[in-house]
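To start, the structure itself, in structure tokens.
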Amino acid sequence: MNDVGLWRQEGPKAFLAFLASATGEDHDAAVYDTKLEFDPSSEAAVRYVASVAMTKACQGSEVFYEPMPEDGSVIPYNEMPEDPRINAFYQERLAKENSVDFYIPDSTAYSDSAIRAITYRRILADDMTEKELKEVERASEAAKRSDSKYMLLHYYLPLAFAFVSLILIICKLSH
């Protein structure tokens, strides 16, 4: 799925923001999950890592495709980075790995954000185009008409029939 609209949806948009600002264990959790070290200041890198993470979180039921940037902003996590920004994250993670027997970053925030990305798939009104807003408005009006018709046929009409029947029964009994 290579859809620009995907990144305007509530969950994926928040996931991109999370990955772009992730540091420390949050960044490490993303790296260990995707097996990719990335530059969080590169929008293309963050989108690629997000698409890999979301595809993995879907467990094969959905594939999110985003092309891998060719500018070196995404590399395999065990490869020595040349980019100074990526190298800073790499060295920080390496120091943590070397300071303990087995380094496992807290992935709670990362996991929650990835799950929200595949769960909350609506586009907020602020991110909609004029065409999308008109379509939502048209669908809303159609839903209101449908609700009114349903209420008339399934509530008011039977209620009126019951009321008229009650009046007729009372009239019959009073004569």
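Here's how to read the names in the structure tokens: chain A, B, ... by the order shown, residue numbers from 1 in each chain, ligand numbers from 1 in the order shown.
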* To do: Find the spatial neighbours of A:Trp7, counting only C-alpha atoms, within a cut-off of 9 Å - ignore same-chain residues fewer than 6 positions away - and output them as a PyMOL selection string.
  => chain A and resi 13-14+16+47
* To do: Can you check which residues of stretch 51-148 of chain A DSSP gives as helix (DSSP H, G or I) on the backbone and send them as a PyMOL selection string?
  => chain A and resi 51-57+84-99+108-119+125-127+130-148
* For A:Ile115, list every protein, DNA or RNA residue within 9 Å, evaluated using only C-alpha atoms, and leave out those in the same chain fewer than 3 positions away; present the list as a list in words. =>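 Near neighbours after the sequence-gap exclusion: Gly11, Met54, Ala57, Cys58, Tyr110, Ser111, Asp112, Ile118, Thr119 and Tyr120 of chain A.
These are the residues of stretch 3-174 of chain A assigned strand (DSSP E or B) by DSSP from backbone coordinates: Gln9, Leu36, Glu37, Phe38, Val74, Ile75, Pro76 and Ile123 of chain A.
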Produce a file of the selected residues containing N, CA and C atoms, as a PDB file, in the first residue's frame.
```pdb
ATOM      1  N   GLN A   9      -3.700   9.622   8.206  1.00  0.00           N
ATOM      2  CA  GLN A   9      -4.601   8.966   9.141  1.00  0.00           C
ATOM      3  C   GLN A   9      -4.096   9.173  10.565  1.00  0.00           C
ATOM      4  N   LEU A  36      16.490  -2.075  11.832  1.00  0.00           N
ATOM      5  CA  LEU A  36      16.975  -0.960  11.031  1.00  0.00           C
ATOM      6  C   LEU A  36      17.361   0.203  11.929  1.00  0.00           C
ATOM      7  N   GLU A  37      18.538   0.761  11.695  1.00  0.00           N
ATOM      8  CA  GLU A  37      18.936   1.999  12.365  1.00  0.00           C
ATOM      9  C   GLU A  37      18.555   3.107  11.396  1.00  0.00           C
ATOM     10  N   PHE A  38      18.031   4.224  11.937  1.00  0.00           N
ATOM     11  CA  PHE A  38      17.533   5.280  11.055  1.00  0.00           C
ATOM     12  C   PHE A  38      17.771   6.661  11.639  1.00  0.00           C
ATOM     13  N   VAL A  74      18.727   5.166   6.375  1.00  0.00           N
ATOM     14  CA  VAL A  74      18.273   3.895   6.950  1.00  0.00           C
ATOM     15  C   VAL A  74      19.311   2.841   6.601  1.00  0.00           C
ATOM     16  N   ILE A  75      19.796   2.133   7.641  1.00  0.00           N
ATOM     17  CA  ILE A  75      20.783   1.070   7.424  1.00  0.00           C
ATOM     18  C   ILE A  75      20.444  -0.115   8.328  1.00  0.00           C
ATOM     19  N   PRO A  76      20.951  -1.289   8.025  1.00  0.00           N
ATOM     20  CA  PRO A  76      20.758  -2.417   8.946  1.00  0.00           C
ATOM     21  C   PRO A  76      21.336  -2.069  10.321  1.00  0.00           C
ATOM     22  N   ILE A 123      -9.093   9.646   9.080  1.00  0.00           N
ATOM     23  CA  ILE A 123      -8.379  10.896   8.801  1.00  0.00           C
ATOM     24  C   ILE A 123      -9.117  12.008   9.528  1.00  0.00           C
TER      25      ILE A 123
END
```
Using only C-alpha atoms, find each residue of stretch 21-46 of chain A with at least one atom at most 10 Å away from an atom of stretch 78-98 of chain A; report its shortest atom-to-atom pair and that distance in Å (one decimal), sort the rows by chain and rising residue number, and return the result as CSV.
```
residue,atom,partner,partner_atom,distance
A:Thr23,CA,A:Phe89,CA,8.1
A:Gly24,CA,A:Arg93,CA,7.8
A:Glu25,CA,A:Arg93,CA,8.5
A:His27,CA,A:Phe89,CA,8.1
A:Asp28,CA,A:Arg93,CA,6.7
A:Val31,CA,A:Arg93,CA,9.6
A:Tyr32,CA,A:Asn78,CA,10.0
A:Lys35,CA,A:Asn78,CA,8.0
A:Leu36,CA,A:Asn78,CA,8.2
A:Glu37,CA,A:Ile86,CA,6.9
A:Phe38,CA,A:Ile86,CA,6.1
A:Asp39,CA,A:Ile86,CA,5.4
A:Pro40,CA,A:Ile86,CA,8.4
A:Ser41,CA,A:Arg85,CA,8.7
```
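Closest approach to A:Asp26 among A:Ile104, A:Val52, A:Val136, A:Ala109: A:Ala109, based on only C-alpha atoms.
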* Asked: If we count only C-alpha atoms, what is near A:Arg122 at a cut-off of 10 Å, once residues fewer than 5 positions away on the same chain are taken out, given as number ranges by chain?
  -> A: 5-6, 8-12
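Non-sequential neighbours of A:Ala45 (distance at most 6 Å, separation of 3 or more positions within a chain, only C-alpha atoms) are Ser42, Tyr48, Ser73 and Val74 of chain A.
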Written file, previous selection with C-alpha atoms, as a compact mmCIF listing (two decimals), in the first residue's frame:
```txt
# COMPACT_ATOMS: atom_id res chain seq x y z
CA SER A 42 14.66 12.26 7.79
CA TYR A 48 10.08 3.62 5.79
CA SER A 73 19.33 7.54 6.37
CA VAL A 74 18.27 3.89 6.95
```
* Could you check how far atom CA of A:Val49 sits from atom CA of A:Thr34, in Å to one decimal? =>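 Distance reported for this atom pair: 6.9 Å.
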* To do: Quote the spacing between atom CA of A:Tyr65 and atom CA of A:Ala53 in Å to one decimal place.
  =>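 Going from atom CA of A:Tyr65 over to atom CA of A:Ala53 covers 10.8 Å.
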* Counting only C-alpha atoms, the option among A:Ala162, A:Glu43, A:Ser107, A:Gly60 closest to A:Ala30 ->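 Nearest to A:Ala30: A:Ser107.
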* Asked: For A:Val46, which of A:Ser21, A:Gln59, A:Ser140, A:Ser148 is the closest residue, counting only C-alpha atoms?
  ->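 That would be A:Ser21, the residue with the smallest distance to A:Val46.
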